[in-house]
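For reference, protein.tsv is printed below; it contains TSV, N, CA and C atoms.
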```tsv
chain	number	residue	atom	x	y	z
R	410	MET	N	26.88	5.73	-61.68
R	410	MET	CA	26.28	6.36	-62.83
R	410	MET	C	25.92	5.30	-63.85
R	411	ASN	N	24.76	5.47	-64.42
R	411	ASN	CA	24.29	4.51	-65.39
R	411	ASN	C	23.69	5.25	-66.58
R	412	LEU	N	24.45	5.40	-67.64
R	412	LEU	CA	23.92	6.00	-68.87
R	412	LEU	C	23.16	4.93	-69.63
R	413	SER	N	21.93	5.23	-69.96
R	413	SER	CA	21.06	4.24	-70.58
R	413	SER	C	20.73	4.60	-72.02
R	414	PRO	N	21.03	3.71	-72.97
R	414	PRO	CA	20.63	3.97	-74.35
R	414	PRO	C	19.11	4.16	-74.47
R	415	LEU	N	18.35	3.40	-73.70
R	415	LEU	CA	16.89	3.53	-73.76
R	415	LEU	C	16.42	4.89	-73.29
R	416	SER	N	17.16	5.50	-72.38
R	416	SER	CA	16.81	6.81	-71.88
R	416	SER	C	17.23	7.94	-72.84
R	417	TRP	N	18.34	7.75	-73.56
R	417	TRP	CA	18.86	8.81	-74.43
R	417	TRP	C	18.38	8.74	-75.87
R	418	GLN	N	17.95	7.58	-76.36
R	418	GLN	CA	17.49	7.49	-77.75
R	418	GLN	C	16.33	8.44	-78.03
R	419	PRO	N	15.31	8.51	-77.15
R	419	PRO	CA	14.21	9.44	-77.42
R	419	PRO	C	14.66	10.91	-77.46
R	420	VAL	N	15.68	11.24	-76.71
R	420	VAL	CA	16.20	12.62	-76.70
R	420	VAL	C	16.76	12.96	-78.07
R	421	LEU	N	17.59	12.08	-78.61
R	421	LEU	CA	18.18	12.35	-79.93
R	421	LEU	C	17.13	12.27	-81.03
R	422	ASP	N	16.16	11.38	-80.89
R	422	ASP	CA	15.08	11.32	-81.88
R	422	ASP	C	14.28	12.63	-81.90
R	423	ARG	N	14.02	13.21	-80.74
R	423	ARG	CA	13.27	14.46	-80.65
R	423	ARG	C	14.04	15.63	-81.28
R	424	HIS	N	15.35	15.51	-81.33
R	424	HIS	CA	16.20	16.58	-81.87
R	424	HIS	C	16.87	16.16	-83.18
R	425	ALA	N	16.20	15.31	-83.93
R	425	ALA	CA	16.77	14.75	-85.16
R	425	ALA	C	17.19	15.83	-86.16
R	426	THR	N	16.51	16.96	-86.16
R	426	THR	CA	16.86	18.01	-87.13
R	426	THR	C	18.26	18.55	-86.90
R	427	LEU	N	18.78	18.44	-85.67
R	427	LEU	CA	20.14	18.90	-85.40
R	427	LEU	C	21.19	18.07	-86.11
R	428	PHE	N	20.81	16.89	-86.57
R	428	PHE	CA	21.76	15.97	-87.18
R	428	PHE	C	21.53	15.78	-88.68
R	429	GLU	N	20.63	16.57	-89.26
R	429	GLU	CA	20.32	16.41	-90.68
R	429	GLU	C	21.51	16.65	-91.59
R	430	ALA	N	22.40	17.57	-91.23
R	430	ALA	CA	23.56	17.88	-92.07
R	430	ALA	C	24.76	17.00	-91.74
R	431	LEU	N	24.63	16.16	-90.73
R	431	LEU	CA	25.76	15.37	-90.26
R	431	LEU	C	26.12	14.25	-91.23
R	432	GLU	N	27.41	14.05	-91.39
R	432	GLU	CA	27.94	12.99	-92.24
R	432	GLU	C	27.70	11.63	-91.58
R	433	GLU	N	27.30	10.67	-92.38
R	433	GLU	CA	27.07	9.30	-91.91
R	433	GLU	C	28.31	8.77	-91.17
R	434	GLY	N	28.07	8.09	-90.03
R	434	GLY	CA	29.15	7.47	-89.27
R	434	GLY	C	29.78	8.35	-88.21
R	435	ARG	N	29.42	9.63	-88.17
R	435	ARG	CA	29.99	10.54	-87.16
R	435	ARG	C	29.36	10.25	-85.81
R	436	SER	N	30.14	10.51	-84.75
R	436	SER	CA	29.62	10.16	-83.42
R	436	SER	C	30.12	11.10	-82.34
R	437	LEU	N	29.41	11.04	-81.23
R	437	LEU	CA	29.81	11.69	-79.99
R	437	LEU	C	29.66	10.64	-78.89
R	438	ALA	N	30.28	10.89	-77.75
R	438	ALA	CA	30.18	9.95	-76.65
R	438	ALA	C	29.97	10.69	-75.34
R	439	LEU	N	29.22	10.07	-74.44
R	439	LEU	CA	29.00	10.58	-73.10
R	439	LEU	C	29.56	9.55	-72.12
R	440	LEU	N	30.28	10.03	-71.12
R	440	LEU	CA	30.80	9.15	-70.09
R	440	LEU	C	31.03	9.93	-68.82
R	441	ASP	N	31.13	9.20	-67.73
R	441	ASP	CA	31.37	9.88	-66.46
R	441	ASP	C	32.87	10.03	-66.20
R	442	LYS	N	33.21	10.91	-65.29
R	442	LYS	CA	34.61	11.24	-65.00
R	442	LYS	C	35.36	10.04	-64.45
R	443	ALA	N	34.69	9.19	-63.66
R	443	ALA	CA	35.36	8.01	-63.11
R	443	ALA	C	35.80	7.06	-64.23
R	444	THR	N	34.96	6.90	-65.24
R	444	THR	CA	35.32	6.06	-66.39
R	444	THR	C	36.46	6.70	-67.16
R	445	TRP	N	36.37	8.03	-67.36
R	445	TRP	CA	37.45	8.77	-68.03
R	445	TRP	C	38.77	8.54	-67.29
R	446	ASP	N	38.76	8.73	-65.98
R	446	ASP	CA	39.97	8.60	-65.18
R	446	ASP	C	40.54	7.18	-65.21
R	447	ALA	N	39.66	6.18	-65.17
R	447	ALA	CA	40.10	4.79	-65.16
R	447	ALA	C	40.61	4.34	-66.53
R	448	GLY	N	40.13	5.00	-67.59
R	448	GLY	CA	40.53	4.59	-68.93
R	448	GLY	C	39.89	3.30	-69.37
R	449	LYS	N	38.84	2.90	-68.65
R	449	LYS	CA	38.11	1.70	-69.03
R	449	LYS	C	36.71	1.77	-68.44
R	450	GLY	N	35.81	1.07	-69.08
R	450	GLY	CA	34.41	1.07	-68.67
R	450	GLY	C	33.53	1.21	-69.89
R	451	ASN	N	32.39	1.86	-69.72
R	451	ASN	CA	31.45	2.04	-70.82
R	451	ASN	C	31.19	3.52	-71.06
R	452	ALA	N	31.03	3.84	-72.32
R	452	ALA	CA	30.60	5.17	-72.74
R	452	ALA	C	29.32	5.00	-73.55
R	453	LEU	N	28.49	6.02	-73.53
R	453	LEU	CA	27.28	6.02	-74.34
R	453	LEU	C	27.64	6.65	-75.68
R	454	GLU	N	27.65	5.86	-76.73
R	454	GLU	CA	27.98	6.36	-78.06
R	454	GLU	C	26.71	6.70	-78.82
R	455	CYS	N	26.73	7.86	-79.47
R	455	CYS	CA	25.63	8.31	-80.32
R	455	CYS	C	26.23	8.48	-81.71
R	456	ARG	N	25.86	7.59	-82.64
R	456	ARG	CA	26.46	7.56	-83.97
R	456	ARG	C	25.38	7.64	-85.04
R	457	LEU	N	25.63	8.46	-86.07
R	457	LEU	CA	24.67	8.57	-87.17
R	457	LEU	C	24.79	7.35	-88.07
R	458	GLU	N	23.71	6.58	-88.11
R	458	GLU	CA	23.63	5.39	-88.96
R	458	GLU	C	22.29	5.40	-89.66
R	459	ASN	N	22.32	5.27	-90.97
R	459	ASN	CA	21.08	5.29	-91.76
R	459	ASN	C	20.25	6.53	-91.47
R	460	ARG	N	20.94	7.69	-91.39
R	460	ARG	CA	20.33	9.01	-91.20
R	460	ARG	C	19.64	9.17	-89.85
R	461	ARG	N	19.97	8.34	-88.86
R	461	ARG	CA	19.39	8.45	-87.51
R	461	ARG	C	20.52	8.28	-86.50
R	462	MET	N	20.52	9.11	-85.47
R	462	MET	CA	21.48	8.94	-84.39
R	462	MET	C	21.07	7.70	-83.59
R	463	GLN	N	21.96	6.73	-83.56
R	463	GLN	CA	21.73	5.48	-82.84
R	463	GLN	C	22.54	5.52	-81.54
R	464	VAL	N	21.91	5.19	-80.45
R	464	VAL	CA	22.54	5.26	-79.14
R	464	VAL	C	22.80	3.85	-78.63
R	465	ARG	N	24.06	3.62	-78.19
R	465	ARG	CA	24.42	2.31	-77.64
R	465	ARG	C	25.60	2.44	-76.68
R	466	LEU	N	25.72	1.49	-75.80
R	466	LEU	CA	26.89	1.44	-74.92
R	466	LEU	C	28.06	0.85	-75.69
R	467	GLN	N	29.22	1.45	-75.51
R	467	GLN	CA	30.46	0.98	-76.13
R	467	GLN	C	31.53	0.86	-75.06
R	468	ASP	N	32.47	-0.03	-75.29
R	468	ASP	CA	33.62	-0.11	-74.39
R	468	ASP	C	34.42	1.17	-74.49
R	469	TRP	N	34.88	1.66	-73.35
R	469	TRP	CA	35.74	2.85	-73.28
R	469	TRP	C	37.13	2.39	-72.89
R	470	THR	N	38.10	2.73	-73.72
R	470	THR	CA	39.49	2.36	-73.43
R	470	THR	C	40.39	3.59	-73.39
R	471	GLY	N	39.79	4.75	-73.23
R	471	GLY	CA	40.55	5.98	-73.15
R	471	GLY	C	40.34	6.85	-74.38
R	472	ALA	N	40.68	8.12	-74.23
R	472	ALA	CA	40.47	9.09	-75.31
R	472	ALA	C	41.25	8.72	-76.57
R	473	GLN	N	42.43	8.15	-76.41
R	473	GLN	CA	43.23	7.81	-77.57
R	473	GLN	C	42.57	6.71	-78.42
R	474	GLY	N	41.69	5.93	-77.84
R	474	GLY	CA	41.05	4.84	-78.56
R	474	GLY	C	39.67	5.17	-79.10
R	475	THR	N	39.21	6.40	-78.91
R	475	THR	CA	37.85	6.73	-79.33
R	475	THR	C	37.80	7.17	-80.79
R	476	GLU	N	36.68	6.87	-81.42
R	476	GLU	CA	36.41	7.35	-82.77
R	476	GLU	C	35.48	8.57	-82.74
R	477	ALA	N	35.00	8.92	-81.56
R	477	ALA	CA	34.03	10.02	-81.43
R	477	ALA	C	34.67	11.35	-81.80
R	478	ASP	N	33.86	12.21	-82.40
R	478	ASP	CA	34.30	13.55	-82.75
R	478	ASP	C	34.35	14.47	-81.54
R	479	MET	N	33.52	14.18	-80.56
R	479	MET	CA	33.48	14.99	-79.34
R	479	MET	C	33.04	14.12	-78.17
R	480	LEU	N	33.47	14.52	-76.99
R	480	LEU	CA	33.17	13.78	-75.77
R	480	LEU	C	32.53	14.71	-74.76
R	481	PHE	N	31.57	14.19	-74.03
R	481	PHE	CA	30.93	14.89	-72.94
R	481	PHE	C	31.17	14.06	-71.69
R	482	VAL	N	31.93	14.63	-70.76
R	482	VAL	CA	32.34	13.91	-69.55
R	482	VAL	C	31.63	14.53	-68.36
R	483	GLY	N	30.79	13.73	-67.71
R	483	GLY	CA	30.00	14.22	-66.59
R	483	GLY	C	30.73	14.11	-65.28
R	484	LEU	N	30.78	15.20	-64.54
R	484	LEU	CA	31.37	15.21	-63.20
R	484	LEU	C	30.31	14.76	-62.19
R	485	ARG	N	30.80	14.16	-61.12
R	485	ARG	CA	29.95	13.72	-60.02
R	485	ARG	C	28.72	12.97	-60.54
R	486	ASP	N	27.55	13.43	-60.20
R	486	ASP	CA	26.31	12.74	-60.58
R	486	ASP	C	25.54	13.50	-61.65
R	487	SER	N	26.24	14.25	-62.49
R	487	SER	CA	25.55	15.10	-63.47
R	487	SER	C	24.70	14.29	-64.46
R	488	PHE	N	25.17	13.14	-64.92
R	488	PHE	CA	24.37	12.36	-65.86
R	488	PHE	C	23.20	11.69	-65.17
R	489	ASP	N	23.35	11.34	-63.90
R	489	ASP	CA	22.21	10.81	-63.16
R	489	ASP	C	21.09	11.85	-63.11
R	490	HIS	N	21.46	13.11	-62.85
R	490	HIS	CA	20.47	14.19	-62.84
R	490	HIS	C	19.88	14.41	-64.23
R	491	LEU	N	20.71	14.35	-65.24
R	491	LEU	CA	20.21	14.54	-66.61
R	491	LEU	C	19.22	13.45	-66.99
R	492	GLU	N	19.50	12.22	-66.60
R	492	GLU	CA	18.59	11.13	-66.97
R	492	GLU	C	17.24	11.26	-66.29
R	493	GLN	N	17.15	12.05	-65.23
R	493	GLN	CA	15.86	12.28	-64.56
R	493	GLN	C	15.03	13.33	-65.29
R	494	ALA	N	15.67	14.13	-66.12
R	494	ALA	CA	14.95	15.16	-66.89
R	494	ALA	C	14.16	14.48	-68.00
R	495	PRO	N	12.96	14.98	-68.29
R	495	PRO	CA	12.19	14.40	-69.40
R	495	PRO	C	12.95	14.58	-70.72
R	496	PRO	N	12.73	13.67	-71.68
R	496	PRO	CA	13.44	13.76	-72.95
R	496	PRO	C	13.32	15.13	-73.64
R	497	ASP	N	12.16	15.77	-73.52
R	497	ASP	CA	11.98	17.08	-74.15
R	497	ASP	C	12.88	18.16	-73.55
R	498	ALA	N	13.26	17.99	-72.29
R	498	ALA	CA	14.04	19.01	-71.59
R	498	ALA	C	15.52	18.66	-71.46
R	499	ARG	N	15.89	17.47	-71.87
R	499	ARG	CA	17.24	17.00	-71.56
R	499	ARG	C	18.34	17.73	-72.32
R	500	MET	N	18.13	18.09	-73.58
R	500	MET	CA	19.17	18.82	-74.31
R	500	MET	C	19.42	20.18	-73.66
R	501	GLY	N	18.36	20.84	-73.25
R	501	GLY	CA	18.51	22.11	-72.54
R	501	GLY	C	19.24	21.94	-71.22
R	502	ALA	N	18.92	20.84	-70.53
R	502	ALA	CA	19.60	20.56	-69.26
R	502	ALA	C	21.07	20.23	-69.50
R	503	LEU	N	21.37	19.52	-70.59
R	503	LEU	CA	22.76	19.23	-70.93
R	503	LEU	C	23.52	20.53	-71.20
R	504	LYS	N	22.90	21.41	-71.96
R	504	LYS	CA	23.51	22.72	-72.24
R	504	LYS	C	23.81	23.45	-70.93
R	505	ASP	N	22.85	23.46	-70.02
R	505	ASP	CA	23.04	24.13	-68.73
R	505	ASP	C	24.20	23.51	-67.96
R	506	ARG	N	24.26	22.20	-67.92
R	506	ARG	CA	25.32	21.51	-67.17
R	506	ARG	C	26.70	21.78	-67.78
R	507	ILE	N	26.76	21.90	-69.11
R	507	ILE	CA	28.04	22.24	-69.75
R	507	ILE	C	28.47	23.64	-69.33
R	508	HIS	N	27.56	24.57	-69.38
R	508	HIS	CA	27.88	25.96	-69.04
R	508	HIS	C	28.14	26.16	-67.55
R	509	GLN	N	27.63	25.27	-66.71
R	509	GLN	CA	27.89	25.32	-65.28
R	509	GLN	C	29.18	24.58	-64.90
R	510	GLY	N	29.79	23.92	-65.88
R	510	GLY	CA	31.02	23.18	-65.62
R	510	GLY	C	30.81	21.80	-65.03
R	511	GLU	N	29.58	21.31	-65.04
R	511	GLU	CA	29.26	19.98	-64.51
R	511	GLU	C	29.48	18.89	-65.56
R	512	VAL	N	29.47	19.27	-66.83
R	512	VAL	CA	29.79	18.36	-67.93
R	512	VAL	C	30.90	19.01	-68.73
R	513	LEU	N	32.01	18.30	-68.85
R	513	LEU	CA	33.15	18.80	-69.60
R	513	LEU	C	33.00	18.40	-71.07
R	514	PHE	N	33.40	19.30	-71.95
R	514	PHE	CA	33.27	19.10	-73.40
R	514	PHE	C	34.67	19.00	-74.00
R	515	PHE	N	34.94	17.88	-74.66
R	515	PHE	CA	36.23	17.67	-75.31
R	515	PHE	C	36.02	17.52	-76.82
R	516	VAL	N	36.75	18.30	-77.58
R	516	VAL	CA	36.70	18.24	-79.04
R	516	VAL	C	37.85	17.36	-79.49
R	517	MET	N	37.53	16.32	-80.24
R	517	MET	CA	38.53	15.34	-80.67
R	517	MET	C	38.95	15.54	-82.13
R	518	ARG	N	38.35	16.50	-82.81
R	518	ARG	CA	38.67	16.82	-84.21
R	518	ARG	C	38.91	18.32	-84.31
R	519	THR	N	39.43	18.75	-85.42
R	519	THR	CA	39.63	20.19	-85.62
R	519	THR	C	38.29	20.88	-85.82
R	520	LYS	N	38.30	22.17	-85.56
R	520	LYS	CA	37.10	22.99	-85.77
R	520	LYS	C	36.60	22.84	-87.20
R	521	CYS	N	37.50	22.92	-88.16
R	521	CYS	CA	37.11	22.82	-89.57
R	521	CYS	C	36.47	21.47	-89.87
R	522	THR	N	37.04	20.42	-89.32
R	522	THR	CA	36.47	19.08	-89.54
R	522	THR	C	35.06	19.00	-88.98
R	523	LEU	N	34.88	19.50	-87.75
R	523	LEU	CA	33.54	19.44	-87.14
R	523	LEU	C	32.51	20.17	-87.99
R	524	ILE	N	32.87	21.32	-88.50
R	524	ILE	CA	31.95	22.09	-89.34
R	524	ILE	C	31.72	21.38	-90.68
R	525	ASP	N	32.80	20.90	-91.29
R	525	ASP	CA	32.70	20.24	-92.60
R	525	ASP	C	31.86	18.98	-92.57
R	526	VAL	N	31.86	18.25	-91.46
R	526	VAL	CA	31.09	17.00	-91.39
R	526	VAL	C	29.68	17.21	-90.85
R	527	GLY	N	29.33	18.46	-90.49
R	527	GLY	CA	27.93	18.75	-90.18
R	527	GLY	C	27.54	18.90	-88.72
R	528	TRP	N	28.47	19.14	-87.82
R	528	TRP	CA	28.14	19.28	-86.40
R	528	TRP	C	27.68	20.68	-86.02
R	529	GLU	N	27.73	21.64	-86.91
R	529	GLU	CA	27.51	23.03	-86.54
R	529	GLU	C	26.16	23.28	-85.86
R	530	ASP	N	25.06	22.75	-86.39
R	530	ASP	CA	23.74	22.97	-85.78
R	530	ASP	C	23.67	22.40	-84.37
R	531	PHE	N	24.22	21.22	-84.18
R	531	PHE	CA	24.23	20.60	-82.86
R	531	PHE	C	25.03	21.45	-81.87
R	532	LEU	N	26.21	21.86	-82.28
R	532	LEU	CA	27.05	22.68	-81.40
R	532	LEU	C	26.38	24.02	-81.10
R	533	ASP	N	25.76	24.64	-82.09
R	533	ASP	CA	25.03	25.89	-81.86
R	533	ASP	C	23.91	25.69	-80.83
R	534	SER	N	23.21	24.57	-80.91
R	534	SER	CA	22.10	24.32	-79.99
R	534	SER	C	22.56	24.23	-78.53
R	535	LEU	N	23.82	23.85	-78.33
R	535	LEU	CA	24.37	23.76	-76.99
R	535	LEU	C	25.12	25.02	-76.58
R	536	GLY	N	25.08	26.02	-77.44
R	536	GLY	CA	25.79	27.26	-77.14
R	536	GLY	C	27.30	27.10	-77.25
R	537	LEU	N	27.72	26.15	-78.08
R	537	LEU	CA	29.14	25.86	-78.25
R	537	LEU	C	29.60	26.25	-79.66
R	538	ALA	N	29.04	27.31	-80.19
R	538	ALA	CA	29.35	27.74	-81.55
R	538	ALA	C	30.82	28.15	-81.66
R	539	PHE	N	31.40	27.78	-82.76
R	539	PHE	CA	32.77	28.19	-83.07
R	539	PHE	C	32.72	29.50	-83.81
R	540	MET	N	33.61	30.39	-83.48
R	540	MET	CA	33.67	31.69	-84.14
R	540	MET	C	34.66	31.65	-85.29
R	541	GLY	N	34.35	32.40	-86.34
R	541	GLY	CA	35.28	32.55	-87.45
R	541	GLY	C	35.09	31.49	-88.52
R	542	ALA	N	35.68	31.76	-89.67
R	542	ALA	CA	35.55	30.89	-90.83
R	542	ALA	C	36.64	29.83	-90.83
R	543	CYS	N	36.34	28.71	-91.45
R	543	CYS	CA	37.29	27.63	-91.57
R	543	CYS	C	37.90	27.56	-92.96
R	544	ARG	N	37.26	28.14	-93.88
R	544	ARG	CA	37.65	27.93	-95.27
R	544	ARG	C	38.65	28.92	-95.76
```

Let me see the file written as structure tokens.
Amino acid sequence: MNLSPLSWQPVLDRHATLFEALEEGRSLALLDKATWDAGKGNALECRLENRRMQVRLQDWTGAQGTEADMLFVGLRDSFDHLEQAPPDARMGALKDRIHQGEVLFFVMRTKCTLIDVGWEDFLDSLGLAFMGACR
């Protein structure tokens, strides 16, 4: 599996409105299950910097070492298939893979924190809306 920043940057740029409410410095990460299991390798980090989601490869040293608010862990060759989808269709394909159980979703912060820092629109777009009030 090869997650490519060059392949994912256009996807996040096309969906920039999903990140308008997001707090600067917040991030998510994508990685494959083999990297997750090994506790080492590379993850694709998507971090809001200067009001734009910036995509880059980062060292992965396990969930305990991540700063990401949420993780997307691809089973088998799910990210390889996603990278073949055109940028316009990739978020929809990611949503489908999550709902099919091909991409696992891990929340690394509390529900209230995710909402307070601005992830709600992004999570809604993936059909991962949280129910109930936080306040």

Legend entry - Of the listed residues R:Leu440, R:Pro419, R:Asp478, R:Gly448, that which approaches R:Thr519 most closely, counting all atoms listed in the file: R:Asp478

Legend entry - Exercise: stretch 502-515 of chain R partners within 6 Å, all atoms listed in the file, chain neighbours under 6 positions left out, as number ranges by chain: R: 478-484, 487, 535

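When only C-alpha atoms are used to measure the gap to R:Glu429, the shortest distance among R:Arg460, R:Lys442, R:Asp489, R:Asn411 belongs to R:Arg460.
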
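Of the residues in stretch 441-492 of chain R, those that DSSP places in strand (DSSP E) on the basis of the backbone are R:Asp441, R:Gly450, R:Asn451, R:Ala452, R:Leu453, R:Glu454, R:Cys455, R:Arg456, R:Leu457, R:Glu458, R:Arg461, R:Met462, R:Gln463, R:Val464, R:Arg465, R:Leu466, R:Gln467, R:Asp468, R:Trp469, R:Met479, R:Leu480, R:Phe481, R:Val482, R:Gly483.
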
Inset, instruction - Rounded to one decimal place, report the atom C of R:Asp533-atom C of R:Gly501 distance in Å. - result: 11.3 Å
